[in-house]
file work07.cif (mmCIF, C-alpha atoms)
data_start
loop_
_atom_site.label_atom_id
_atom_site.label_comp_id
_atom_site.auth_asym_id
_atom_site.auth_seq_id
_atom_site.Cartn_x
_atom_site.Cartn_y
_atom_site.Cartn_z
CA MET A 178 94.44 92.96 110.59
CA THR A 179 95.69 90.39 113.07
CA ILE A 180 93.72 89.76 116.20
CA ASN A 181 95.95 89.99 119.24
CA PRO A 182 94.94 87.64 122.02
CA THR A 183 94.79 88.94 125.57
CA TYR A 184 97.68 88.28 127.89
CA LEU A 185 97.90 84.70 129.08
CA ALA A 186 95.44 83.46 126.48
CA GLN A 187 95.79 79.82 125.60
CA ARG A 188 94.50 77.97 122.59
CA THR A 189 91.95 75.30 123.44
CA ARG A 190 93.25 71.79 123.16
CA SER A 191 92.46 68.33 124.40
CA SER A 192 95.01 66.08 126.03
CA THR A 193 96.16 63.30 123.76
CA SER A 194 96.81 60.84 126.57
CA TRP A 195 97.16 60.58 130.33
CA ASN A 196 100.82 61.40 129.99
CA ASP A 197 100.00 64.62 128.21
CA ALA A 198 97.34 65.49 130.77
CA LYS A 199 99.76 64.84 133.62
CA ARG A 200 102.29 67.13 132.00
CA ARG A 201 99.77 69.90 131.53
CA VAL A 202 98.55 69.58 135.10
CA LEU A 203 102.06 69.82 136.48
CA HIS A 204 102.87 72.82 134.31
CA SER A 205 99.65 74.51 135.41
CA TYR A 206 100.48 73.80 139.05
CA ARG A 207 103.93 75.23 138.69
CA HIS A 208 102.59 78.39 137.04
CA TRP A 209 100.20 78.87 139.93
CA LEU A 210 102.92 78.38 142.51
CA ARG A 211 105.18 80.86 140.81
CA ALA A 212 102.38 83.39 140.60
CA ALA A 213 101.45 83.17 144.30
CA PRO A 214 103.63 86.08 145.54
CA GLU A 215 102.37 88.28 142.75
CA ILE A 216 98.75 87.45 143.54
CA GLN A 217 99.39 88.37 147.17
CA SER A 218 100.84 91.75 146.21
CA MET A 219 98.29 92.52 143.50
CA TYR A 220 95.24 91.93 145.62
CA THR A 221 96.90 92.90 148.94
CA ILE A 222 95.80 89.70 150.61
CA ASN A 223 96.55 89.57 154.32
CA LEU A 224 97.63 85.95 154.20
CA PRO A 225 101.19 84.66 153.82
CA VAL A 226 102.31 83.26 150.50
CA SER A 227 102.54 79.81 152.06
CA THR A 228 98.80 79.89 152.74
CA LEU A 229 98.14 80.75 149.11
CA ARG A 230 100.33 77.89 147.98
CA THR A 231 98.63 75.49 150.38
CA LYS A 232 95.28 76.53 148.97
CA ILE A 233 96.54 75.98 145.42
CA ARG A 234 97.70 72.53 146.46
CA GLN A 235 94.34 71.80 148.08
CA GLU A 236 92.44 72.74 144.96
CA PHE A 237 94.61 70.51 142.80
CA GLU A 238 94.42 67.62 145.28
CA ARG A 239 90.65 67.80 145.29
CA HIS A 240 90.62 66.35 141.78
CA ARG A 241 93.45 63.86 142.13
CA TYR A 242 91.36 60.75 141.55
CA VAL A 243 89.49 61.79 138.42
CA ASN A 244 89.43 58.85 136.06
CA GLN A 245 88.16 60.39 132.81
CA LEU A 246 90.44 62.29 130.46
CA LYS A 247 87.73 64.65 129.29
CA THR A 248 86.97 65.70 132.84
CA VAL A 249 90.66 66.41 133.35
CA ASP A 250 90.63 68.54 130.18
CA VAL A 251 87.77 70.64 131.46
CA LEU A 252 89.43 71.01 134.85
CA LEU A 253 92.63 72.18 133.15
CA PHE A 254 90.61 74.71 131.22
CA HIS A 255 89.05 75.97 134.45
CA SER A 256 92.45 76.18 136.08
CA HIS A 257 93.87 78.26 133.26
CA GLN A 258 90.76 80.41 133.17
CA GLU A 259 91.16 81.25 136.85
CA PHE A 260 94.87 81.85 136.31
CA GLN A 261 94.28 84.30 133.50
CA GLU A 262 91.51 86.12 135.33
CA THR A 263 93.57 86.42 138.48
CA LEU A 264 96.82 87.57 136.93
CA ASN A 265 95.22 90.00 134.48
CA PHE A 266 93.58 91.71 137.46
CA TRP A 267 90.13 91.03 136.11
CA LYS A 268 89.08 89.76 139.53
CA GLN A 269 88.63 91.70 142.73
CA LEU A 270 89.67 90.87 146.24
CA SER A 271 86.34 89.30 147.09
CA HIS A 272 86.59 86.91 144.15
CA VAL A 273 90.00 85.72 145.24
CA LEU A 274 88.90 85.40 148.85
CA LYS A 275 86.14 83.00 147.83
CA TYR A 276 88.78 80.31 148.10
CA PHE A 277 89.72 81.31 151.64
CA ARG A 278 86.41 80.98 153.44
CA ALA A 279 87.75 78.44 155.91
CA GLU A 280 90.81 80.55 156.74
CA GLU A 281 88.86 83.77 157.15
CA ASP A 282 85.95 82.45 159.14
CA PRO A 283 86.98 79.46 161.26
CA LYS A 284 83.46 79.17 162.62
CA ALA A 285 82.01 78.52 159.15
CA LYS A 286 82.50 74.81 159.04
CA LEU A 287 80.44 71.69 159.12
CA PRO A 288 79.81 70.16 162.55
CA SER A 289 82.54 67.76 163.60
CA ASN A 290 80.40 64.81 164.66
CA PHE A 291 76.86 63.60 164.82
CA ILE A 292 75.97 65.09 168.21
CA ASN A 293 77.05 68.61 167.23
CA GLY A 294 75.15 68.30 164.00
CA PHE A 295 72.09 67.07 165.81
CA LEU A 296 72.24 69.94 168.29
CA GLU A 297 72.59 72.45 165.47
CA GLY A 298 69.74 70.83 163.67
CA ARG A 299 71.43 70.09 160.38
CA ASN A 300 72.02 66.41 159.89
CA MET B 996 108.94 93.37 130.40
CA ALA B 997 111.48 91.19 128.65
CA ALA B 998 111.91 91.49 124.90
CA LEU B 999 109.97 88.74 123.18
CA PRO B 1000 110.60 86.85 119.97
CA ARG B 1001 107.97 87.77 117.43
CA SER B 1002 106.35 84.45 116.79
CA ILE B 1003 102.84 83.19 117.35
CA ALA B 1004 104.00 80.43 119.68
CA SER B 1005 105.48 82.89 122.13
CA ARG B 1006 102.29 84.95 122.21
CA LEU B 1007 100.33 81.90 123.10
CA ALA B 1008 102.72 80.42 125.64
CA PRO B 1009 101.25 80.94 129.09
CA ALA B 1010 102.65 83.41 131.63
CA VAL B 1011 105.28 84.70 129.25
CA LEU B 1012 104.61 88.37 129.78
CA ARG B 1013 104.36 88.44 133.54
CA PRO B 1014 107.42 89.68 135.43
CA SER B 1015 107.25 86.75 137.80
CA ALA B 1016 107.38 84.31 134.92
CA ALA B 1017 110.06 86.19 133.02
CA ARG B 1018 112.58 84.63 135.35
CA ALA B 1019 111.41 81.18 134.32
CA PHE B 1020 112.72 79.43 131.27
CA VAL B 1021 110.26 79.71 128.36
CA PRO B 1022 110.71 77.38 125.39
CA ALA B 1023 110.55 79.06 121.98
CA TYR B 1024 108.15 76.44 120.66
CA ARG B 1025 105.37 74.50 122.26
CA THR B 1026 106.24 70.90 122.96
CA TYR B 1027 103.68 68.16 122.93
CA ALA B 1028 104.04 64.87 124.70
CA THR B 1029 104.68 62.34 121.97
CA ASN B 1030 105.16 59.46 124.33
CA THR B 1031 101.81 57.79 123.92
CA ASP B 1032 102.25 54.83 126.21
CA ASP B 1033 100.72 55.42 129.60
CA PRO B 1034 102.89 54.37 132.51
CA ALA B 1035 100.93 53.17 135.50
CA PRO B 1036 100.04 56.24 137.57
CA LYS B 1037 101.18 56.24 141.16
CA THR B 1038 97.70 56.99 142.42
CA SER B 1039 94.58 55.48 140.96
CA SER B 1040 90.88 55.59 141.52
CA GLU B 1041 91.13 52.75 144.02
CA ASP B 1042 93.17 54.95 146.33
CA ALA B 1043 90.36 57.46 146.59
CA PRO B 1044 89.45 57.59 150.27
CA VAL B 1045 85.73 57.12 149.83
CA VAL B 1046 83.32 54.25 150.00
CA LYS B 1047 83.35 52.31 146.78
CA GLN B 1048 80.10 52.21 144.90
CA THR B 1049 78.89 48.88 143.66
CA THR B 1050 76.28 50.36 141.33
CA ASP B 1051 76.14 53.46 139.18
CA SER B 1052 73.67 55.40 141.26
CA THR B 1053 74.43 57.23 144.42
CA GLN B 1054 71.52 55.73 146.27
CA ILE B 1055 68.86 53.24 145.34
CA ARG B 1056 66.05 52.75 147.80
CA GLU B 1057 64.65 49.90 145.73
CA GLN B 1058 67.30 47.56 147.13
CA SER B 1059 66.73 45.37 150.12
CA ALA B 1060 67.52 46.75 153.56
CA ALA B 1061 70.72 44.71 153.84
CA GLU B 1062 72.19 45.95 150.57
CA GLY B 1063 71.13 49.55 150.66
CA THR B 1064 72.43 50.62 154.07
CA PRO B 1065 72.50 54.42 154.02
CA ARG B 1066 75.91 55.99 153.98
CA LYS B 1067 77.02 57.95 157.00
CA PRO B 1068 77.41 61.71 156.66
CA ASP B 1069 80.94 62.80 155.89
CA TYR B 1070 81.98 65.56 158.28
CA ASN B 1071 85.40 66.15 156.73
CA VAL B 1072 84.25 67.49 153.40
CA ALA B 1073 85.98 70.66 152.24
CA ILE B 1074 83.52 73.51 152.44
CA ASP B 1075 83.12 76.14 149.76
CA TYR B 1076 82.23 79.80 150.09
CA ARG B 1077 78.51 79.05 149.88
CA THR B 1078 78.35 76.88 153.00
CA SER B 1079 76.12 78.46 155.62
CA ASN B 1080 74.84 77.62 159.07
CA PHE B 1081 71.95 75.77 157.46
CA SER B 1082 73.95 73.62 155.06
CA PRO B 1083 73.26 69.91 155.43
CA ILE B 1084 76.17 67.50 155.68
CA PRO B 1085 76.91 65.58 152.49
CA LYS B 1086 77.20 61.83 152.49
CA ARG B 1087 79.41 61.66 149.47
CA VAL B 1088 80.83 64.48 147.38
CA MET B 1089 81.51 63.55 143.80
CA ASP B 1090 85.20 63.80 142.96
CA GLY B 1091 85.42 62.24 139.54
CA SER B 1092 86.60 58.82 140.68
CA GLU B 1093 83.21 57.17 140.29
CA PRO B 1094 83.12 54.25 137.85
CA GLY B 1095 80.83 54.44 134.87
CA GLU B 1096 80.50 56.40 131.68
CA SER B 1097 78.48 59.35 132.91
CA VAL B 1098 80.17 62.74 133.07
CA ALA B 1099 81.11 63.83 136.57
CA ALA B 1100 79.12 67.02 136.22
CA ALA B 1101 79.23 67.89 139.91
CA VAL B 1102 83.02 68.17 139.68
CA LEU B 1103 82.90 70.49 136.68
CA SER B 1104 79.82 72.60 137.20
CA GLY B 1105 80.99 74.60 140.20
CA ALA B 1106 77.64 74.05 141.92
CA PRO B 1107 77.55 74.38 145.71
CA ILE B 1108 78.52 71.34 147.75
CA ASP B 1109 75.21 71.71 149.58
CA LEU B 1110 73.35 70.45 146.54
CA GLN B 1111 75.09 67.11 146.81
CA ALA B 1112 74.06 66.90 150.45
CA ARG B 1113 70.36 67.23 149.83
CA THR B 1114 68.08 64.40 148.85
CA VAL B 1115 66.05 64.71 145.71
CA ARG B 1116 62.67 63.11 145.09
CA ILE B 1117 61.82 61.80 141.64
CA TYR B 1118 58.10 61.36 141.18
CA LYS B 1119 55.22 61.59 138.79
CA PRO B 1120 52.65 64.26 139.60
CA THR B 1121 49.31 62.77 140.55
CA LYS B 1122 46.28 62.99 138.36
CA ALA B 1123 43.72 65.56 139.48
CA ALA B 1124 41.01 63.82 141.44
CA THR B 1125 38.41 66.36 140.47
CA GLN B 1126 38.62 65.79 136.73
CA SER B 1127 39.15 62.80 134.55
CA GLY B 1128 41.83 64.36 132.31
CA ASP B 1129 45.45 63.28 132.88
CA TRP B 1130 47.40 65.99 131.09
CA HIS B 1131 49.77 66.49 134.05
CA SER B 1132 50.75 62.89 134.59
CA HIS B 1133 52.88 62.22 131.51
CA HIS B 1134 56.17 63.60 132.79
CA TRP B 1135 58.41 63.04 135.80
CA LEU B 1136 59.46 65.70 138.26
CA MET B 1137 62.53 66.16 140.41
CA ASP B 1138 61.95 67.97 143.65
CA TRP B 1139 64.27 68.94 146.51
CA ASP B 1140 63.52 67.87 150.08
CA PRO B 1141 63.23 70.88 152.39
CA LEU B 1142 66.11 71.64 154.73
CA PRO B 1143 65.72 70.43 158.29
CA LYS B 1144 66.55 73.90 159.56
CA GLY B 1145 66.53 77.23 157.79
CA HIS B 1146 63.85 76.56 155.27
CA ARG B 1147 61.52 79.14 156.82
CA TRP B 1148 61.51 81.74 159.56
CA GLU B 1149 59.68 84.98 160.18
CA ASN B 1150 61.33 88.19 159.06
CA PRO B 1151 61.86 90.32 162.20
CA LEU B 1152 61.04 93.59 160.44
CA MET B 1153 57.83 92.85 158.58
CA GLY B 1154 56.83 89.36 159.59
CA TRP B 1155 57.30 88.01 156.06
CA GLN B 1156 58.49 84.47 155.50
CA SER B 1157 62.27 84.34 154.99
CA SER B 1158 64.13 81.30 153.82
CA ALA B 1159 67.70 80.08 153.41
CA ASP B 1160 66.56 77.28 151.13
CA PHE B 1161 67.45 78.24 147.59
CA MET B 1162 66.00 75.09 146.05
CA ASN B 1163 62.60 75.75 147.56
CA GLY B 1164 60.62 76.41 144.43
CA HIS B 1165 62.70 74.42 141.94
CA ARG B 1166 61.33 71.48 140.04
CA ILE B 1167 62.88 69.88 136.98
CA GLN B 1168 60.73 68.05 134.45
CA PHE B 1169 61.84 64.90 132.68
CA LYS B 1170 60.23 62.77 130.03
CA SER B 1171 61.02 59.49 131.78
CA LYS B 1172 62.19 58.08 135.10
CA GLU B 1173 65.51 56.90 133.60
CA ASP B 1174 66.29 60.42 132.42
CA ALA B 1175 65.71 61.78 135.90
CA ILE B 1176 67.87 59.09 137.50
CA ALA B 1177 70.67 59.68 134.99
CA PHE B 1178 70.56 63.39 135.77
CA ALA B 1179 70.71 62.80 139.51
CA ASN B 1180 73.66 60.43 139.07
CA LYS B 1181 75.50 62.87 136.84
CA GLN B 1182 75.06 65.74 139.27
CA GLY B 1183 75.89 63.65 142.33
CA TYR B 1184 72.51 64.06 144.05
CA GLU B 1185 71.19 61.52 146.52
CA TYR B 1186 67.80 60.54 145.17
CA PHE B 1187 64.84 58.34 145.84
CA VAL B 1188 62.17 57.38 143.37
CA GLN B 1189 58.53 57.56 144.38
CA GLU B 1190 56.62 55.17 142.17
CA PRO B 1191 53.31 56.59 140.91
CA ASN B 1192 49.98 55.24 142.06
CA GLU B 1193 48.43 53.97 138.86
CA ARG B 1194 44.66 54.07 138.86
CA ARG B 1195 43.02 50.73 138.50
CA PHE B 1196 40.26 50.87 135.93
CA VAL B 1197 37.84 47.98 135.46
CA PRO B 1198 36.37 47.95 131.93
CA LYS B 1199 32.64 47.59 132.14
CA ALA B 1200 29.89 46.90 129.59
CA TYR B 1201 26.22 47.34 130.31
CA ALA B 1202 25.36 44.29 128.22
CA ASN B 1203 27.16 42.06 130.74
CA ASN B 1204 24.27 42.56 133.14
CA PHE B 1205 22.12 40.45 130.85
CA THR B 1206 24.50 37.65 129.83
CA HIS B 1207 23.46 34.13 130.65
CA SER B 1208 24.66 32.72 133.94
CA PHE B 1209 24.53 29.03 134.99
CA LYS B 1210 24.26 29.89 138.68
CA LYS B 1211 21.37 31.62 140.37
CA LEU B 1212 21.26 35.31 139.52
CA LYS B 1213 22.26 37.62 142.34
CA ILE B 1214 20.31 40.56 140.98
CA ILE B 1215 17.28 39.98 138.83
CA ARG B 1216 16.99 42.79 136.39
CA THR B 1217 13.80 41.89 134.64
CA LYS B 1218 10.40 41.37 136.09
#
call {"tool": "encode", "arguments": {"input": "work07.cif", "output": "structure tokens"}}
result
Amino acid sequence: MTINPTYLAQRTRSSTSWNDAKRRVLHSYRHWLRAAPEIQSMYTINLPVSTLRTKIRQEFERHRYVNQLKTVDVLLFHSHQEFQETLNFWKQLSHVLKYFRAEEDPKAKLPSNFINGFLEGRN
Amino acid sequence: MAALPRSIASRLAPAVLRPSAARAFVPAYRTYATNTDDPAPKTSSEDAPVVKQTTDSTQIREQSAAEGTPRKPDYNVAIDYRTSNFSPIPKRVMDGSEPGESVAAAVLSGAPIDLQARTVRIYKPTKAATQSGDWHSHHWLMDWDPLPKGHRWENPLMGWQSSADFMNGHRIQFKSKEDAIAFANKQGYEYFVQEPNERRFVPKAYANNFTHSFKKLKIIRTK
């Protein structure tokens, strides 16, 4: 009997070249952007869709300067893993809001300069 | 749900079955990039807005004072959901653009950013002074420096010791110093190596008290 994969399952593969990796990254990014309104309605997030898309952009930009193809492969796997878990409703609101700590709690940030850090005691 | 062609490729194509993606164009077969030449990317590792490393390690205290000037803390690092009021400020957060062959494990592991902010001590445990056996001094340990604030306070209810320092009791054992340094580099930890104090042992022989000496004897052992 055939084994049916879960929705949004993807076969594991490695990128053949930087060109291939770039293509996969852009496709992954576009899938995330398209899914942003649905994520907002599924998890009833009280943030506008533009905030979700900005966060998606931030997470992708964080790894812009990676210089090893294997690292990019693993990051693509993580991205698709999060995508599948989010859109299949396997997550809960708190898991999605892990990404929005800075938006939810503006006071939870690192001190802005040395003096503030010294006064808080964490330099 | 849109009607789907019954082929394996469609089942495996991502986001096919979601209503939001049904509006998008889905190819019936998976295409692979066959263009194997790599055009020069528009951004490269040199554009990364961090201090360039000249060596593989994040910090070497064995350099001279002029070379090894400590990096300033970076206040603009993106925080993650584990950052607390006690989190130290990282000097450099690994982002995969470091030169060298080691895997950028800090980028992939999902570990808290705080771990890359804390300094790690690599040392050899000292031999017990009370006994002459040295069974504990054949491995190297990696130990986390305590937090400047939040490593201990008194619980208001019972007076127990509370702590926000989750690396308090952690030590990692390594077979050699190079292994420990490679691990710290891979994980993006700032480290310093504490060289062990080797005991100086002078081999002695009782018969040397009675060897012939051309000079006057300091201690005369026979009557």
call {"tool": "atom_distance", "arguments": {"input": "work07.cif", "atom1": "CA of Trp1139 (chain B)", "atom2": "CA of Gly1164 (chain B)"}}
result
8.6 Å
call {"tool": "closest_atom_pairs", "arguments": {"input": "work07.cif", "of": "chain A", "to": "chain B", "cutoff": "9 Å", "atoms": "all atoms listed in the file", "output": "JSON lines"}}
result
{"residue": "A:Asn181", "atom": "CA", "partner": "B:Arg1006", "partner_atom": "CA", "distance": 8.6}
{"residue": "A:Pro182", "atom": "CA", "partner": "B:Arg1006", "partner_atom": "CA", "distance": 7.8}
{"residue": "A:Tyr184", "atom": "CA", "partner": "B:Leu1012", "partner_atom": "CA", "distance": 7.2}
{"residue": "A:Leu185", "atom": "CA", "partner": "B:Pro1009", "partner_atom": "CA", "distance": 5.0}
{"residue": "A:Ala186", "atom": "CA", "partner": "B:Leu1007", "partner_atom": "CA", "distance": 6.1}
{"residue": "A:Gln187", "atom": "CA", "partner": "B:Leu1007", "partner_atom": "CA", "distance": 5.6}
{"residue": "A:Arg188", "atom": "CA", "partner": "B:Leu1007", "partner_atom": "CA", "distance": 7.0}
{"residue": "A:Thr193", "atom": "CA", "partner": "B:Thr1031", "partner_atom": "CA", "distance": 7.9}
{"residue": "A:Ser194", "atom": "CA", "partner": "B:Thr1031", "partner_atom": "CA", "distance": 6.4}
{"residue": "A:Trp195", "atom": "CA", "partner": "B:Asp1033", "partner_atom": "CA", "distance": 6.3}
{"residue": "A:Asn196", "atom": "CA", "partner": "B:Asp1033", "partner_atom": "CA", "distance": 6.0}
{"residue": "A:Asp197", "atom": "CA", "partner": "B:Ala1028", "partner_atom": "CA", "distance": 5.4}
{"residue": "A:Arg200", "atom": "CA", "partner": "B:Ala1028", "partner_atom": "CA", "distance": 7.8}
{"residue": "A:His208", "atom": "CA", "partner": "B:Ala1010", "partner_atom": "CA", "distance": 7.4}
{"residue": "A:Arg211", "atom": "CA", "partner": "B:Ser1015", "partner_atom": "CA", "distance": 6.9}
{"residue": "A:Ala212", "atom": "CA", "partner": "B:Ser1015", "partner_atom": "CA", "distance": 6.5}
{"residue": "A:Pro214", "atom": "CA", "partner": "B:Ser1015", "partner_atom": "CA", "distance": 8.6}
{"residue": "A:Glu215", "atom": "CA", "partner": "B:Ser1015", "partner_atom": "CA", "distance": 7.1}
{"residue": "A:Arg239", "atom": "CA", "partner": "B:Asp1090", "partner_atom": "CA", "distance": 7.2}
{"residue": "A:His240", "atom": "CA", "partner": "B:Asp1090", "partner_atom": "CA", "distance": 6.1}
{"residue": "A:Arg241", "atom": "CA", "partner": "B:Thr1038", "partner_atom": "CA", "distance": 8.1}
{"residue": "A:Tyr242", "atom": "CA", "partner": "B:Ser1040", "partner_atom": "CA", "distance": 5.2}
{"residue": "A:Val243", "atom": "CA", "partner": "B:Gly1091", "partner_atom": "CA", "distance": 4.2}
{"residue": "A:Asn244", "atom": "CA", "partner": "B:Ser1092", "partner_atom": "CA", "distance": 5.4}
{"residue": "A:Gln245", "atom": "CA", "partner": "B:Gly1091", "partner_atom": "CA", "distance": 7.5}
{"residue": "A:Lys247", "atom": "CA", "partner": "B:Val1098", "partner_atom": "CA", "distance": 8.7}
{"residue": "A:Thr248", "atom": "CA", "partner": "B:Ala1099", "partner_atom": "CA", "distance": 7.2}
{"residue": "A:Val251", "atom": "CA", "partner": "B:Leu1103", "partner_atom": "CA", "distance": 7.1}
{"residue": "A:Leu252", "atom": "CA", "partner": "B:Leu1103", "partner_atom": "CA", "distance": 6.8}
{"residue": "A:His255", "atom": "CA", "partner": "B:Leu1103", "partner_atom": "CA", "distance": 8.5}
{"residue": "A:His257", "atom": "CA", "partner": "B:Pro1009", "partner_atom": "CA", "distance": 8.9}
{"residue": "A:Gln261", "atom": "CA", "partner": "B:Ala1010", "partner_atom": "CA", "distance": 8.6}
{"residue": "A:Leu264", "atom": "CA", "partner": "B:Arg1013", "partner_atom": "CA", "distance": 8.3}
{"residue": "A:Leu274", "atom": "CA", "partner": "B:Tyr1076", "partner_atom": "CA", "distance": 8.8}
{"residue": "A:Lys275", "atom": "CA", "partner": "B:Tyr1076", "partner_atom": "CA", "distance": 5.5}
{"residue": "A:Tyr276", "atom": "CA", "partner": "B:Tyr1076", "partner_atom": "CA", "distance": 6.9}
{"residue": "A:Phe277", "atom": "CA", "partner": "B:Tyr1076", "partner_atom": "CA", "distance": 7.8}
{"residue": "A:Arg278", "atom": "CA", "partner": "B:Tyr1076", "partner_atom": "CA", "distance": 5.5}
{"residue": "A:Ala279", "atom": "CA", "partner": "B:Ile1074", "partner_atom": "CA", "distance": 7.4}
{"residue": "A:Ala285", "atom": "CA", "partner": "B:Ser1079", "partner_atom": "CA", "distance": 6.9}
{"residue": "A:Lys286", "atom": "CA", "partner": "B:Ile1074", "partner_atom": "CA", "distance": 6.8}
{"residue": "A:Leu287", "atom": "CA", "partner": "B:Tyr1070", "partner_atom": "CA", "distance": 6.4}
{"residue": "A:Pro288", "atom": "CA", "partner": "B:Tyr1070", "partner_atom": "CA", "distance": 6.6}
{"residue": "A:Ser289", "atom": "CA", "partner": "B:Tyr1070", "partner_atom": "CA", "distance": 5.8}
{"residue": "A:Asn290", "atom": "CA", "partner": "B:Tyr1070", "partner_atom": "CA", "distance": 6.6}
{"residue": "A:Phe291", "atom": "CA", "partner": "B:Pro1068", "partner_atom": "CA", "distance": 8.4}
{"residue": "A:Gly294", "atom": "CA", "partner": "B:Ile1084", "partner_atom": "CA", "distance": 8.4}
{"residue": "A:Glu297", "atom": "CA", "partner": "B:Asn1080", "partner_atom": "CA", "distance": 8.5}
{"residue": "A:Gly298", "atom": "CA", "partner": "B:Lys1144", "partner_atom": "CA", "distance": 6.0}
{"residue": "A:Arg299", "atom": "CA", "partner": "B:Pro1083", "partner_atom": "CA", "distance": 5.3}
{"residue": "A:Asn300", "atom": "CA", "partner": "B:Pro1083", "partner_atom": "CA", "distance": 5.8}
call {"tool": "atom_distance", "arguments": {"input": "work07.cif", "atom1": "CA of Asp1129 (chain B)", "atom2": "CA of Arg1194 (chain B)"}}
result
11.0 Å
call {"tool": "atom_distance", "arguments": {"input": "work07.cif", "atom1": "CA of Arg230 (chain A)", "atom2": "CA of Leu210 (chain A)"}}
result
6.1 Å
call {"tool": "resolve_selection", "arguments": {"input": "work07.cif", "expression": "the PyMOL selection byres ((chain A and resi 273) around 12)", "output": "PDB file with C-alpha atoms, in the coordinates of the input"}}
result
ATOM      1  CA  ALA A 213     101.450  83.170 144.300  1.00  0.00           C
ATOM      2  CA  ILE A 216      98.750  87.450 143.540  1.00  0.00           C
ATOM      3  CA  GLN A 217      99.390  88.370 147.170  1.00  0.00           C
ATOM      4  CA  MET A 219      98.290  92.520 143.500  1.00  0.00           C
ATOM      5  CA  TYR A 220      95.240  91.930 145.620  1.00  0.00           C
ATOM      6  CA  THR A 221      96.900  92.900 148.940  1.00  0.00           C
ATOM      7  CA  ILE A 222      95.800  89.700 150.610  1.00  0.00           C
ATOM      8  CA  ASN A 223      96.550  89.570 154.320  1.00  0.00           C
ATOM      9  CA  LEU A 224      97.630  85.950 154.200  1.00  0.00           C
ATOM     10  CA  LEU A 229      98.140  80.750 149.110  1.00  0.00           C
ATOM     11  CA  LYS A 232      95.280  76.530 148.970  1.00  0.00           C
ATOM     12  CA  ILE A 233      96.540  75.980 145.420  1.00  0.00           C
ATOM     13  CA  GLU A 259      91.160  81.250 136.850  1.00  0.00           C
ATOM     14  CA  PHE A 260      94.870  81.850 136.310  1.00  0.00           C
ATOM     15  CA  GLU A 262      91.510  86.120 135.330  1.00  0.00           C
ATOM     16  CA  THR A 263      93.570  86.420 138.480  1.00  0.00           C
ATOM     17  CA  LEU A 264      96.820  87.570 136.930  1.00  0.00           C
ATOM     18  CA  PHE A 266      93.580  91.710 137.460  1.00  0.00           C
ATOM     19  CA  TRP A 267      90.130  91.030 136.110  1.00  0.00           C
ATOM     20  CA  LYS A 268      89.080  89.760 139.530  1.00  0.00           C
ATOM     21  CA  GLN A 269      88.630  91.700 142.730  1.00  0.00           C
ATOM     22  CA  LEU A 270      89.670  90.870 146.240  1.00  0.00           C
ATOM     23  CA  SER A 271      86.340  89.300 147.090  1.00  0.00           C
ATOM     24  CA  HIS A 272      86.590  86.910 144.150  1.00  0.00           C
ATOM     25  CA  LEU A 274      88.900  85.400 148.850  1.00  0.00           C
ATOM     26  CA  LYS A 275      86.140  83.000 147.830  1.00  0.00           C
ATOM     27  CA  TYR A 276      88.780  80.310 148.100  1.00  0.00           C
ATOM     28  CA  PHE A 277      89.720  81.310 151.640  1.00  0.00           C
ATOM     29  CA  ARG A 278      86.410  80.980 153.440  1.00  0.00           C
TER      30      ARG A 278
ATOM     31  CA  TYR B1076      82.230  79.800 150.090  1.00  0.00           C
TER      32      TYR B1076
END
call {"tool": "axis_aligned_box", "arguments": {"input": "work07.cif", "around": "region 1152-1160 of chain B", "padding_each_side": "3 Å", "output": "JSON"}}
result
{"center_x": 62.3, "center_y": 85.4, "center_z": 155.8, "size_x": 16.9, "size_y": 22.3, "size_z": 15.3}
call {"tool": "residues_near_point", "arguments": {"input": "work07.cif", "point": "(58.1, 63.8, 139.4)", "cutoff": "7 Å", "atoms": "only C-alpha atoms", "output": "ChimeraX atom specification"}}
result
/B:1117-1120,1134-1137
call {"tool": "closest_residue", "arguments": {"input": "work07.cif", "among": "A:Ser256, A:Thr228, A:Asn293, A:Asn265", "to": "Trp209 (chain A)", "atoms": "all atoms listed in the file"}}
result
A:Ser256
